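Beneath this line is the structure, given in C-alpha cells, with notes to follow.
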Amino acid sequence: MKTLIINASQPVAGMSEGKLNDFLAKVIREELEQNGHEVRLTEIKNGYDIDEEVEKHLWADVIITQSPVYWFGNPWIYKKYVDEVFNAGLLQQKMVANDGRTRSDPTKQYGTGGLMQGKKYMLSLTWNAPAEALNDERQFLFAGKSVDDFFMFNTANYKFCGVEILPSFSCHDVLKQGGIEHDIERLKAHLAKYVL
C-alpha cells in the first residue's frame, strides 16, 4: 500500500505550537511503515510544489490528513493547499474530469466526475472540544452532529474526485485534558481497522 500523509499543522502564536499534530503525523507514518506501507509526507507549513502534490495524490492508495481544528475547520493553509492542488488536478484532468453531469444524460449526478476511484481518504483531527459536545442533540453548539457530519466540507473534496471516505479519527479536549497516550492507542486501533 502507498499512503500520502498531509500534515496541516499550523503554529499560532500564543495558542499552539503545532507539536501535537506533528507528533500524530509521525505516529501515523511509523505505524504504517511498520506494517509495510510506503509513505510520503507533505508538511504544508514547509511549502510544497502543486504539481508534485497532484502526482502524490495519484500515486497514493490512501490519503490521510492530520489537522488541528481551528475555529471549527482546518487551518487556512490547508484550505489554500486544497484550492491549489485540487484546481490543478481538475485543470490537468488528473484528479477529476468534471462535475459528472452531462447535457445528454440528465440522470448523471453532480459530483460523479472523479477520476480517483479505488483510493481512500481519512481525516485525523485534534480538537479543544470534548467528545461529549458531538453526537448529542442536547449539546448546544453541534446539536447532535458527528465529526464526520461537521467535516463534510473537507471530505466532499475527495468524494468529488471519486475517493472512498473512511471514518475520521479525533483527539478531543487536547488543551484542557491531554492524555495523549490513550489517544495514540486509539489512533493505532483506528488505523488497524480502516487503513492497514
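Residues in the C-alpha cells are named by chain (A, B, ... in the order shown) and by number from 1 within that chain; ligands are numbered from 1 in the order shown.
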
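Excluding Trp127 (chain A) itself and same-chain residues fewer than 5 positions from it, the residues having an atom within 9 Å of it are Pro68, Val69, Tyr70, Phe72, Ser170, Cys171, His172, Asp173, Val174 and Leu175 of chain A, counting only C-alpha atoms.
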
Note to self: Quick one: residues within 7 Å of Met95 (chain A), only C-alpha atoms, excluding same-chain residues fewer than 4 positions away - as a VMD selection string?
What the structure shows: chain A and resid 89 to 90 114 to 116 161

With N, CA and C atoms kept, could you save the residues just selected as a PDB file, in the first residue's frame?
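Saved the output as selection.pdb:
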```
ATOM      1  N   GLY A  89      -5.434  19.620 -10.210  1.00  0.00           N
ATOM      2  CA  GLY A  89      -5.886  18.277 -10.567  1.00  0.00           C
ATOM      3  C   GLY A  89      -7.067  18.280 -11.518  1.00  0.00           C
ATOM      4  N   LEU A  90      -7.927  19.300 -11.401  1.00  0.00           N
ATOM      5  CA  LEU A  90      -9.045  19.460 -12.327  1.00  0.00           C
ATOM      6  C   LEU A  90      -8.564  19.986 -13.675  1.00  0.00           C
ATOM      7  N   GLY A 114     -15.313  12.218 -10.808  1.00  0.00           N
ATOM      8  CA  GLY A 114     -13.983  11.967 -10.262  1.00  0.00           C
ATOM      9  C   GLY A 114     -13.224  10.887 -11.008  1.00  0.00           C
ATOM     10  N   LEU A 115     -11.897  10.987 -10.949  1.00  0.00           N
ATOM     11  CA  LEU A 115     -11.011  10.041 -11.622  1.00  0.00           C
ATOM     12  C   LEU A 115     -10.153   9.243 -10.642  1.00  0.00           C
ATOM     13  N   MET A 116     -10.462   9.319  -9.347  1.00  0.00           N
ATOM     14  CA  MET A 116      -9.591   8.700  -8.333  1.00  0.00           C
ATOM     15  C   MET A 116     -10.272   7.522  -7.630  1.00  0.00           C
ATOM     16  N   CYS A 161     -13.828  13.688  -6.138  1.00  0.00           N
ATOM     17  CA  CYS A 161     -12.807  13.116  -7.020  1.00  0.00           C
ATOM     18  C   CYS A 161     -12.914  11.593  -7.132  1.00  0.00           C
TER      19      CYS A 161
END
```

Checklist line | DSSP alpha helix (DSSP H) residues within region 153-195 of chain A, listed as an NGL selection string | finding: :A and (153-160 or 180-194)

With only C-alpha atoms as the counted atoms, please give the residues lying no more than 8 Å from region 3-20 of chain A, apart from itself and same-chain residues fewer than 5 positions off, as a compact mmCIF listing (two decimals) with all heavy atoms, in the first residue's frame.
```txt
# COMPACT_ATOMS: atom_id res chain seq x y z
N ALA A 25 1.20 12.97 13.14
CA ALA A 25 1.59 12.61 11.77
C ALA A 25 2.76 11.63 11.79
O ALA A 25 2.81 10.68 10.99
CB ALA A 25 1.95 13.87 10.97
N ARG A 29 2.76 7.80 10.39
CA ARG A 29 3.79 7.36 9.45
C ARG A 29 4.50 6.10 9.96
O ARG A 29 4.65 5.11 9.22
CB ARG A 29 4.81 8.47 9.21
CG ARG A 29 5.89 8.07 8.23
CD ARG A 29 6.87 9.18 7.94
NE ARG A 29 7.57 8.85 6.72
CZ ARG A 29 8.14 9.73 5.93
NH1 ARG A 29 8.11 11.01 6.22
NH2 ARG A 29 8.75 9.33 4.83
N HIS A 37 3.53 -0.25 4.60
CA HIS A 37 3.12 0.83 3.70
C HIS A 37 4.34 1.63 3.26
O HIS A 37 5.26 1.86 4.03
CB HIS A 37 2.16 1.78 4.41
CG HIS A 37 0.76 1.27 4.51
ND1 HIS A 37 -0.31 1.97 4.05
CD2 HIS A 37 0.26 0.13 5.03
CE1 HIS A 37 -1.42 1.29 4.30
NE2 HIS A 37 -1.09 0.17 4.90
N GLU A 38 4.31 2.05 2.02
CA GLU A 38 5.26 3.05 1.53
C GLU A 38 4.59 4.40 1.78
O GLU A 38 3.43 4.61 1.39
CB GLU A 38 5.51 2.86 0.04
CG GLU A 38 6.55 3.79 -0.54
CD GLU A 38 6.77 3.58 -2.03
OE1 GLU A 38 6.32 2.55 -2.58
OE2 GLU A 38 7.41 4.46 -2.64
N VAL A 39 5.27 5.31 2.46
CA VAL A 39 4.64 6.56 2.91
C VAL A 39 5.39 7.76 2.36
O VAL A 39 6.62 7.81 2.38
CB VAL A 39 4.61 6.62 4.46
CG1 VAL A 39 4.00 7.94 4.93
CG2 VAL A 39 3.83 5.44 5.04
N ARG A 40 4.62 8.72 1.90
CA ARG A 40 5.13 10.04 1.56
C ARG A 40 4.41 11.04 2.45
O ARG A 40 3.23 10.90 2.74
CB ARG A 40 4.90 10.37 0.09
CG ARG A 40 5.68 9.46 -0.83
CD ARG A 40 5.51 9.83 -2.27
NE ARG A 40 6.24 8.89 -3.12
CZ ARG A 40 6.13 8.83 -4.44
NH1 ARG A 40 5.32 9.68 -5.07
NH2 ARG A 40 6.81 7.95 -5.13
N LEU A 41 5.14 12.06 2.87
CA LEU A 41 4.61 13.06 3.81
C LEU A 41 4.74 14.45 3.21
O LEU A 41 5.80 14.83 2.71
CB LEU A 41 5.39 12.99 5.13
CG LEU A 41 5.09 14.05 6.18
CD1 LEU A 41 3.66 13.93 6.70
CD2 LEU A 41 6.10 13.96 7.31
N THR A 42 3.66 15.20 3.28
CA THR A 42 3.68 16.62 2.93
C THR A 42 3.41 17.41 4.20
O THR A 42 2.41 17.20 4.86
CB THR A 42 2.61 16.96 1.88
OG1 THR A 42 2.91 16.27 0.67
CG2 THR A 42 2.56 18.45 1.61
N GLU A 43 4.35 18.30 4.54
CA GLU A 43 4.17 19.21 5.67
C GLU A 43 3.84 20.58 5.06
O GLU A 43 4.73 21.29 4.60
CB GLU A 43 5.46 19.29 6.49
CG GLU A 43 5.94 17.94 6.96
CD GLU A 43 5.92 17.78 8.46
OE1 GLU A 43 5.34 18.66 9.13
OE2 GLU A 43 6.45 16.79 8.93
N ILE A 44 2.57 20.91 5.04
CA ILE A 44 2.12 22.11 4.34
C ILE A 44 2.88 23.35 4.77
O ILE A 44 3.28 24.16 3.94
CB ILE A 44 0.59 22.31 4.51
CG1 ILE A 44 -0.16 21.14 3.88
CG2 ILE A 44 0.16 23.63 3.90
CD1 ILE A 44 -1.66 21.19 4.10
N LYS A 45 3.13 23.50 6.07
CA LYS A 45 3.78 24.71 6.59
C LYS A 45 5.20 24.88 6.04
O LYS A 45 5.75 25.98 6.07
CB LYS A 45 3.79 24.72 8.12
CG LYS A 45 4.63 23.62 8.72
CD LYS A 45 4.50 23.58 10.24
CE LYS A 45 5.23 22.38 10.80
NZ LYS A 45 4.90 22.13 12.20
N LYS A 56 1.41 13.06 -6.12
CA LYS A 56 1.35 12.28 -4.87
C LYS A 56 -0.06 11.72 -4.66
O LYS A 56 -0.23 10.58 -4.22
CB LYS A 56 1.76 13.12 -3.66
CG LYS A 56 3.24 13.40 -3.53
CD LYS A 56 3.47 14.23 -2.26
CE LYS A 56 4.89 14.66 -2.08
NZ LYS A 56 5.07 15.49 -0.87
N HIS A 57 -1.07 12.53 -4.95
CA HIS A 57 -2.45 12.06 -4.81
C HIS A 57 -2.73 10.91 -5.79
O HIS A 57 -3.43 9.96 -5.43
CB HIS A 57 -3.44 13.21 -5.04
CG HIS A 57 -3.68 14.04 -3.84
ND1 HIS A 57 -2.79 15.00 -3.39
CD2 HIS A 57 -4.73 14.07 -2.97
CE1 HIS A 57 -3.28 15.57 -2.30
NE2 HIS A 57 -4.45 15.03 -2.03
N ALA A 60 -0.89 7.64 -4.46
CA ALA A 60 -1.33 7.05 -3.19
C ALA A 60 -2.56 6.16 -3.35
O ALA A 60 -3.46 6.45 -4.13
CB ALA A 60 -1.64 8.16 -2.18
N ASP A 61 -2.59 5.09 -2.54
CA ASP A 61 -3.79 4.27 -2.37
C ASP A 61 -4.66 4.86 -1.26
O ASP A 61 -5.88 4.77 -1.29
CB ASP A 61 -3.42 2.83 -1.98
CG ASP A 61 -2.57 2.16 -3.05
OD1 ASP A 61 -2.98 2.15 -4.22
OD2 ASP A 61 -1.49 1.64 -2.69
N VAL A 62 -3.99 5.42 -0.25
CA VAL A 62 -4.66 6.01 0.91
C VAL A 62 -4.08 7.40 1.13
O VAL A 62 -2.87 7.60 1.05
CB VAL A 62 -4.44 5.15 2.18
CG1 VAL A 62 -5.12 5.80 3.38
CG2 VAL A 62 -4.94 3.73 1.98
N ILE A 63 -4.96 8.36 1.43
CA ILE A 63 -4.55 9.73 1.75
C ILE A 63 -5.09 10.04 3.14
O ILE A 63 -6.28 9.83 3.41
CB ILE A 63 -5.11 10.72 0.71
CG1 ILE A 63 -4.62 10.35 -0.70
CG2 ILE A 63 -4.72 12.16 1.07
CD1 ILE A 63 -5.62 10.59 -1.79
N ILE A 64 -4.22 10.51 4.01
CA ILE A 64 -4.62 10.86 5.38
C ILE A 64 -4.21 12.30 5.65
O ILE A 64 -3.05 12.66 5.44
CB ILE A 64 -3.94 9.93 6.41
CG1 ILE A 64 -4.34 8.47 6.17
CG2 ILE A 64 -4.29 10.37 7.85
CD1 ILE A 64 -3.59 7.48 7.04
N THR A 65 -5.15 13.10 6.09
CA THR A 65 -4.85 14.46 6.52
C THR A 65 -4.86 14.50 8.04
O THR A 65 -5.82 14.08 8.68
CB THR A 65 -5.87 15.47 5.97
OG1 THR A 65 -5.78 15.51 4.56
CG2 THR A 65 -5.62 16.86 6.53
N GLN A 66 -3.76 14.99 8.62
CA GLN A 66 -3.66 15.23 10.06
C GLN A 66 -3.78 16.73 10.26
O GLN A 66 -2.99 17.49 9.71
CB GLN A 66 -2.33 14.73 10.61
CG GLN A 66 -2.11 15.02 12.08
CD GLN A 66 -3.17 14.35 12.96
OE1 GLN A 66 -3.37 13.15 12.90
NE2 GLN A 66 -3.85 15.15 13.77
N SER A 67 -4.79 17.15 11.04
CA SER A 67 -5.06 18.58 11.13
C SER A 67 -5.59 19.00 12.49
O SER A 67 -6.40 18.28 13.09
CB SER A 67 -6.10 18.96 10.07
OG SER A 67 -6.45 20.32 10.15
N PRO A 68 -5.18 20.18 12.94
CA PRO A 68 -5.87 20.76 14.09
C PRO A 68 -7.23 21.31 13.63
O PRO A 68 -7.44 21.56 12.44
CB PRO A 68 -4.95 21.91 14.51
CG PRO A 68 -4.26 22.31 13.25
CD PRO A 68 -4.11 21.05 12.44
N ASN A 74 -10.43 23.38 9.26
CA ASN A 74 -9.00 23.21 9.09
C ASN A 74 -8.31 24.56 9.04
O ASN A 74 -8.93 25.56 8.70
CB ASN A 74 -8.69 22.45 7.79
CG ASN A 74 -9.37 21.10 7.72
OD1 ASN A 74 -10.34 20.95 6.99
ND2 ASN A 74 -8.88 20.14 8.46
N PRO A 75 -7.02 24.64 9.34
CA PRO A 75 -6.29 25.90 9.23
C PRO A 75 -6.33 26.45 7.80
O PRO A 75 -6.45 25.69 6.83
CB PRO A 75 -4.85 25.52 9.61
CG PRO A 75 -4.96 24.25 10.36
CD PRO A 75 -6.16 23.54 9.81
N ILE A 77 -4.03 27.43 5.91
CA ILE A 77 -3.01 26.91 4.99
C ILE A 77 -3.47 25.62 4.33
O ILE A 77 -3.09 25.33 3.20
CB ILE A 77 -1.63 26.71 5.67
CG1 ILE A 77 -1.70 25.71 6.83
CG2 ILE A 77 -1.03 28.03 6.11
CD1 ILE A 77 -0.33 25.30 7.37
N TYR A 78 -4.32 24.86 5.01
CA TYR A 78 -4.86 23.64 4.40
C TYR A 78 -5.86 24.00 3.30
O TYR A 78 -5.87 23.39 2.23
CB TYR A 78 -5.53 22.75 5.45
CG TYR A 78 -6.14 21.51 4.83
CD1 TYR A 78 -5.35 20.43 4.47
CD2 TYR A 78 -7.50 21.43 4.59
CE1 TYR A 78 -5.89 19.31 3.87
CE2 TYR A 78 -8.05 20.32 4.00
CZ TYR A 78 -7.25 19.26 3.64
OH TYR A 78 -7.80 18.15 3.04
```

Backbone DSSP call of strand (DSSP E) for chain A, listed as a short mmCIF file (atom, residue, chain, number, x, y, z; two decimals) with N, CA, C and O atoms, in the first residue's frame:
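Output below, filename part-v3.cif:
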```
data_model
loop_
_atom_site.label_atom_id
_atom_site.label_comp_id
_atom_site.auth_asym_id
_atom_site.auth_seq_id
_atom_site.Cartn_x
_atom_site.Cartn_y
_atom_site.Cartn_z
N LYS A 2 0.38 2.27 -0.66
CA LYS A 2 1.06 3.55 -0.73
C LYS A 2 0.18 4.60 -0.06
O LYS A 2 -0.99 4.73 -0.40
N THR A 3 0.76 5.32 0.89
CA THR A 3 -0.01 6.29 1.67
C THR A 3 0.63 7.67 1.63
O THR A 3 1.83 7.81 1.84
N LEU A 4 -0.20 8.66 1.37
CA LEU A 4 0.19 10.06 1.45
C LEU A 4 -0.37 10.62 2.75
O LEU A 4 -1.57 10.53 2.99
N ILE A 5 0.49 11.18 3.58
CA ILE A 5 0.06 11.88 4.79
C ILE A 5 0.24 13.38 4.55
O ILE A 5 1.33 13.82 4.19
N ILE A 6 -0.83 14.13 4.74
CA ILE A 6 -0.79 15.58 4.62
C ILE A 6 -0.89 16.15 6.03
O ILE A 6 -1.92 16.01 6.69
N ASN A 7 0.19 16.76 6.49
CA ASN A 7 0.20 17.36 7.82
C ASN A 7 -0.17 18.84 7.69
O ASN A 7 0.58 19.63 7.14
N GLU A 38 4.31 2.05 2.02
CA GLU A 38 5.26 3.05 1.53
C GLU A 38 4.59 4.40 1.78
O GLU A 38 3.43 4.61 1.39
N VAL A 39 5.27 5.31 2.46
CA VAL A 39 4.64 6.56 2.91
C VAL A 39 5.39 7.76 2.36
O VAL A 39 6.62 7.81 2.38
N ARG A 40 4.62 8.72 1.90
CA ARG A 40 5.13 10.04 1.56
C ARG A 40 4.41 11.04 2.45
O ARG A 40 3.23 10.90 2.74
N LEU A 41 5.14 12.06 2.87
CA LEU A 41 4.61 13.06 3.81
C LEU A 41 4.74 14.45 3.21
O LEU A 41 5.80 14.83 2.71
N THR A 42 3.66 15.20 3.28
CA THR A 42 3.68 16.62 2.93
C THR A 42 3.41 17.41 4.20
O THR A 42 2.41 17.20 4.86
N GLU A 43 4.35 18.30 4.54
CA GLU A 43 4.17 19.21 5.67
C GLU A 43 3.84 20.58 5.06
O GLU A 43 4.73 21.29 4.60
N VAL A 62 -3.99 5.42 -0.25
CA VAL A 62 -4.66 6.01 0.91
C VAL A 62 -4.08 7.40 1.13
O VAL A 62 -2.87 7.60 1.05
N ILE A 63 -4.96 8.36 1.43
CA ILE A 63 -4.55 9.73 1.75
C ILE A 63 -5.09 10.04 3.14
O ILE A 63 -6.28 9.83 3.41
N ILE A 64 -4.22 10.51 4.01
CA ILE A 64 -4.62 10.86 5.38
C ILE A 64 -4.21 12.30 5.65
O ILE A 64 -3.05 12.66 5.44
N THR A 65 -5.15 13.10 6.09
CA THR A 65 -4.85 14.46 6.52
C THR A 65 -4.86 14.50 8.04
O THR A 65 -5.82 14.08 8.68
N GLN A 66 -3.76 14.99 8.62
CA GLN A 66 -3.66 15.23 10.06
C GLN A 66 -3.78 16.73 10.26
O GLN A 66 -2.99 17.49 9.71
N SER A 67 -4.79 17.15 11.04
CA SER A 67 -5.06 18.58 11.13
C SER A 67 -5.59 19.00 12.49
O SER A 67 -6.40 18.28 13.09
N PRO A 68 -5.18 20.18 12.94
CA PRO A 68 -5.87 20.76 14.09
C PRO A 68 -7.23 21.31 13.63
O PRO A 68 -7.44 21.56 12.44
N LYS A 120 -8.65 5.76 -0.96
CA LYS A 120 -9.36 6.01 0.29
C LYS A 120 -8.78 7.25 0.96
O LYS A 120 -7.59 7.54 0.83
N TYR A 121 -9.66 7.94 1.72
CA TYR A 121 -9.26 9.15 2.42
C TYR A 121 -9.70 9.09 3.87
O TYR A 121 -10.83 8.70 4.18
N MET A 122 -8.79 9.49 4.77
CA MET A 122 -9.11 9.56 6.19
C MET A 122 -8.65 10.89 6.76
O MET A 122 -7.57 11.38 6.43
N LEU A 123 -9.46 11.44 7.63
CA LEU A 123 -9.18 12.70 8.30
C LEU A 123 -8.91 12.41 9.77
O LEU A 123 -9.68 11.73 10.43
N SER A 124 -7.77 12.91 10.27
CA SER A 124 -7.41 12.77 11.69
C SER A 124 -7.28 14.18 12.26
O SER A 124 -6.55 15.01 11.72
N LEU A 125 -7.97 14.42 13.37
CA LEU A 125 -8.11 15.78 13.89
C LEU A 125 -7.73 15.89 15.36
O LEU A 125 -7.86 14.93 16.11
N THR A 126 -7.31 17.09 15.75
CA THR A 126 -7.14 17.43 17.16
C THR A 126 -8.08 18.59 17.47
O THR A 126 -8.11 19.58 16.75
N GLU A 164 -13.06 6.98 -1.82
CA GLU A 164 -13.88 6.45 -0.72
C GLU A 164 -13.48 7.14 0.58
O GLU A 164 -12.30 7.24 0.90
N ILE A 165 -14.47 7.57 1.34
CA ILE A 165 -14.22 8.30 2.59
C ILE A 165 -14.28 7.31 3.76
O ILE A 165 -15.28 6.62 3.95
N PHE A 169 -10.87 10.18 12.59
CA PHE A 169 -10.34 9.95 13.93
C PHE A 169 -10.16 11.31 14.60
O PHE A 169 -9.76 12.27 13.94
N SER A 170 -10.46 11.39 15.90
CA SER A 170 -10.29 12.66 16.62
C SER A 170 -9.67 12.47 17.98
O SER A 170 -10.02 11.53 18.71
N CYS A 171 -8.78 13.37 18.33
CA CYS A 171 -8.32 13.57 19.71
C CYS A 171 -9.09 14.78 20.22
O CYS A 171 -9.02 15.85 19.62
#
```

Notebook entry, point to check: With only C-alpha atoms as the basis for distance, which of A:Glu132, A:Gly36, A:Val85, A:Glu31 is at the shortest distance from Ala189 (chain A)?
Noted result: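 The shortest atom-to-atom distance to Ala189 (chain A) comes from A:Glu31.
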
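Counting from CA of Phe160 (chain A), the distance to CA of Gly111 (chain A) is 4.8 Å.
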
Check: Which residue, A:Val163, A:Ala192, A:Leu24, A:Leu187, has the smallest gap to Leu58 (chain A) when you use only C-alpha atoms?
Finding: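 Closest to Leu58 (chain A), using only C-alpha atoms: A:Val163.
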
Margin query: What's the separation between CA of Gln139 (chain A) and CA of Gln177 (chain A), in Å to one decimal place?
Written below: 19.2 Å

Margin query: Give me the residues near Glu84 (chain A) as a list in words, where near means some atom within 7 Å (using only C-alpha atoms) and where sequence neighbours in that chain fewer than 4 positions away do not count.
Written below: Ile50, Lys80 and Ala88 of chain A

Got time to write the residues from that selection, N, CA, C and O atoms, as a PDB file, in the first residue's frame?
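Result went into result05.pdb, see below:
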```
ATOM      1  N   ILE A  50       2.877  22.357  -6.228  1.00  0.00           N
ATOM      2  CA  ILE A  50       1.496  21.991  -6.535  1.00  0.00           C
ATOM      3  C   ILE A  50       1.422  20.775  -7.435  1.00  0.00           C
ATOM      4  O   ILE A  50       0.678  19.819  -7.162  1.00  0.00           O
ATOM      5  N   LYS A  80      -5.865  26.668   1.492  1.00  0.00           N
ATOM      6  CA  LYS A  80      -5.056  27.141   0.362  1.00  0.00           C
ATOM      7  C   LYS A  80      -4.472  25.955  -0.399  1.00  0.00           C
ATOM      8  O   LYS A  80      -4.510  25.913  -1.637  1.00  0.00           O
ATOM      9  N   ALA A  88      -5.507  22.387  -9.719  1.00  0.00           N
ATOM     10  CA  ALA A  88      -4.536  21.849 -10.681  1.00  0.00           C
ATOM     11  C   ALA A  88      -4.959  20.461 -11.143  1.00  0.00           C
ATOM     12  O   ALA A  88      -4.866  20.141 -12.339  1.00  0.00           O
TER      13      ALA A  88
END
```

Notebook entry, point to check: Could you state the separation of CA of Glu52 (chain A) and CA of Lys79 (chain A) in Å, given to one decimal place?
Noted result: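 Those two atoms sit 17.3 Å apart.
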
Next item on the list: Identify, on the basis of only C-alpha atoms, every residue whose closest approach to His190 (chain A) does not exceed 10 Å; exclude the query and any residue fewer than 4 positions from it along the same chain; express the result as a PyMOL selection string.
Entry: chain A and resi 167-169+184-186+194-196

Suppose we keep all heavy atoms; can you now write the selection as a PDB file, in the first residue's frame?
```pdb
ATOM      1  N   PRO A 167     -14.058   6.533   7.997  1.00  0.00           N
ATOM      2  CA  PRO A 167     -14.415   7.262   9.219  1.00  0.00           C
ATOM      3  C   PRO A 167     -13.228   8.054   9.752  1.00  0.00           C
ATOM      4  O   PRO A 167     -12.081   7.604   9.694  1.00  0.00           O
ATOM      5  CB  PRO A 167     -14.802   6.134  10.190  1.00  0.00           C
ATOM      6  CG  PRO A 167     -15.205   4.999   9.314  1.00  0.00           C
ATOM      7  CD  PRO A 167     -14.311   5.088   8.109  1.00  0.00           C
ATOM      8  N   SER A 168     -13.514   9.237  10.263  1.00  0.00           N
ATOM      9  CA  SER A 168     -12.454  10.100  10.785  1.00  0.00           C
ATOM     10  C   SER A 168     -12.005   9.626  12.163  1.00  0.00           C
ATOM     11  O   SER A 168     -12.663   8.821  12.816  1.00  0.00           O
ATOM     12  CB  SER A 168     -12.949  11.539  10.875  1.00  0.00           C
ATOM     13  OG  SER A 168     -14.000  11.628  11.823  1.00  0.00           O
ATOM     14  N   PHE A 169     -10.869  10.182  12.592  1.00  0.00           N
ATOM     15  CA  PHE A 169     -10.344   9.951  13.933  1.00  0.00           C
ATOM     16  C   PHE A 169     -10.164  11.308  14.599  1.00  0.00           C
ATOM     17  O   PHE A 169      -9.762  12.274  13.944  1.00  0.00           O
ATOM     18  CB  PHE A 169      -8.991   9.230  13.885  1.00  0.00           C
ATOM     19  CG  PHE A 169      -8.361   9.096  15.237  1.00  0.00           C
ATOM     20  CD1 PHE A 169      -8.752   8.086  16.083  1.00  0.00           C
ATOM     21  CD2 PHE A 169      -7.420  10.018  15.671  1.00  0.00           C
ATOM     22  CE1 PHE A 169      -8.213   7.975  17.361  1.00  0.00           C
ATOM     23  CE2 PHE A 169      -6.859   9.913  16.946  1.00  0.00           C
ATOM     24  CZ  PHE A 169      -7.256   8.892  17.790  1.00  0.00           C
ATOM     25  N   ILE A 184      -3.127   7.873  21.354  1.00  0.00           N
ATOM     26  CA  ILE A 184      -2.228   7.151  20.433  1.00  0.00           C
ATOM     27  C   ILE A 184      -2.697   5.715  20.265  1.00  0.00           C
ATOM     28  O   ILE A 184      -2.723   5.185  19.140  1.00  0.00           O
ATOM     29  CB  ILE A 184      -0.775   7.216  20.934  1.00  0.00           C
ATOM     30  CG1 ILE A 184      -0.249   8.641  20.811  1.00  0.00           C
ATOM     31  CG2 ILE A 184       0.113   6.255  20.142  1.00  0.00           C
ATOM     32  CD1 ILE A 184       1.066   8.874  21.498  1.00  0.00           C
ATOM     33  N   GLU A 185      -3.077   5.077  21.356  1.00  0.00           N
ATOM     34  CA  GLU A 185      -3.574   3.698  21.250  1.00  0.00           C
ATOM     35  C   GLU A 185      -4.854   3.642  20.435  1.00  0.00           C
ATOM     36  O   GLU A 185      -5.044   2.743  19.614  1.00  0.00           O
ATOM     37  CB  GLU A 185      -3.781   3.107  22.651  1.00  0.00           C
ATOM     38  CG  GLU A 185      -2.484   2.894  23.411  1.00  0.00           C
ATOM     39  CD  GLU A 185      -1.425   2.148  22.598  1.00  0.00           C
ATOM     40  OE1 GLU A 185      -1.750   1.083  22.017  1.00  0.00           O
ATOM     41  OE2 GLU A 185      -0.275   2.629  22.526  1.00  0.00           O
ATOM     42  N   ARG A 186      -5.732   4.614  20.647  1.00  0.00           N
ATOM     43  CA  ARG A 186      -6.968   4.662  19.852  1.00  0.00           C
ATOM     44  C   ARG A 186      -6.663   4.902  18.379  1.00  0.00           C
ATOM     45  O   ARG A 186      -7.282   4.308  17.497  1.00  0.00           O
ATOM     46  CB  ARG A 186      -7.897   5.770  20.374  1.00  0.00           C
ATOM     47  CG  ARG A 186      -8.556   5.476  21.686  1.00  0.00           C
ATOM     48  CD  ARG A 186      -9.639   6.503  22.053  1.00  0.00           C
ATOM     49  NE  ARG A 186      -9.307   7.895  21.801  1.00  0.00           N
ATOM     50  CZ  ARG A 186      -9.737   8.626  20.761  1.00  0.00           C
ATOM     51  NH1 ARG A 186     -10.558   8.096  19.876  1.00  0.00           N
ATOM     52  NH2 ARG A 186      -9.366   9.881  20.617  1.00  0.00           N
ATOM     53  N   TYR A 194      -9.200   0.490   9.726  1.00  0.00           N
ATOM     54  CA  TYR A 194      -9.631   1.104   8.471  1.00  0.00           C
ATOM     55  C   TYR A 194      -8.553   1.230   7.398  1.00  0.00           C
ATOM     56  O   TYR A 194      -8.891   1.373   6.222  1.00  0.00           O
ATOM     57  CB  TYR A 194     -10.214   2.492   8.749  1.00  0.00           C
ATOM     58  CG  TYR A 194     -11.464   2.432   9.584  1.00  0.00           C
ATOM     59  CD1 TYR A 194     -11.457   2.859  10.910  1.00  0.00           C
ATOM     60  CD2 TYR A 194     -12.648   1.927   9.058  1.00  0.00           C
ATOM     61  CE1 TYR A 194     -12.611   2.787  11.695  1.00  0.00           C
ATOM     62  CE2 TYR A 194     -13.800   1.858   9.834  1.00  0.00           C
ATOM     63  CZ  TYR A 194     -13.782   2.291  11.133  1.00  0.00           C
ATOM     64  OH  TYR A 194     -14.915   2.223  11.903  1.00  0.00           O
ATOM     65  N   VAL A 195      -7.280   1.203   7.763  1.00  0.00           N
ATOM     66  CA  VAL A 195      -6.222   1.509   6.789  1.00  0.00           C
ATOM     67  C   VAL A 195      -5.296   0.318   6.535  1.00  0.00           C
ATOM     68  O   VAL A 195      -4.909   0.078   5.396  1.00  0.00           O
ATOM     69  CB  VAL A 195      -5.390   2.737   7.231  1.00  0.00           C
ATOM     70  CG1 VAL A 195      -4.270   3.031   6.251  1.00  0.00           C
ATOM     71  CG2 VAL A 195      -6.297   3.960   7.391  1.00  0.00           C
ATOM     72  N   LEU A 196      -4.912  -0.397   7.574  1.00  0.00           N
ATOM     73  CA  LEU A 196      -3.923  -1.477   7.409  1.00  0.00           C
ATOM     74  C   LEU A 196      -4.510  -2.701   6.733  1.00  0.00           C
ATOM     75  O   LEU A 196      -5.650  -2.985   6.763  1.00  0.00           O
ATOM     76  CB  LEU A 196      -3.317  -1.845   8.754  1.00  0.00           C
ATOM     77  CG  LEU A 196      -2.550  -0.713   9.440  1.00  0.00           C
ATOM     78  CD1 LEU A 196      -2.055  -1.152  10.804  1.00  0.00           C
ATOM     79  CD2 LEU A 196      -1.365  -0.293   8.583  1.00  0.00           C
TER      80      LEU A 196
END
```

Could the residues of region 93-144 of chain A that have an atom at most 10 Å from region 149-152 of chain A be listed as CSV, each with its closest atom pair and the distance in Å to one decimal, counting only C-alpha atoms and ordered by chain and ascending residue number?
```
residue,atom,partner,partner_atom,distance
A:Leu123,CA,A:Phe151,CA,8.8
A:Leu134,CA,A:Phe150,CA,9.3
A:Asn135,CA,A:Asp149,CA,9.6
A:Phe142,CA,A:Phe150,CA,8.1
A:Gly144,CA,A:Asp149,CA,9.5
```

Output for the residues just chosen: N, CA, C and O atoms as a compact mmCIF listing (two decimals), in the first residue's frame:
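Contents of part.txt, as written:
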```
# COMPACT_ATOMS: atom_id res chain seq x y z
N LEU A 123 -9.46 11.44 7.63
CA LEU A 123 -9.18 12.70 8.30
C LEU A 123 -8.91 12.41 9.77
O LEU A 123 -9.68 11.73 10.43
N LEU A 134 -20.24 16.40 20.78
CA LEU A 134 -20.70 15.89 19.49
C LEU A 134 -21.64 14.71 19.70
O LEU A 134 -21.65 14.09 20.76
N ASN A 135 -22.40 14.37 18.68
CA ASN A 135 -23.28 13.19 18.69
C ASN A 135 -24.34 13.24 19.78
O ASN A 135 -24.80 12.21 20.24
N PHE A 142 -22.99 21.82 18.58
CA PHE A 142 -23.02 20.89 17.44
C PHE A 142 -24.38 20.24 17.23
O PHE A 142 -24.61 19.63 16.19
N GLY A 144 -26.04 17.58 17.97
CA GLY A 144 -26.17 16.19 17.53
C GLY A 144 -25.32 15.79 16.35
O GLY A 144 -25.30 14.61 15.97
```
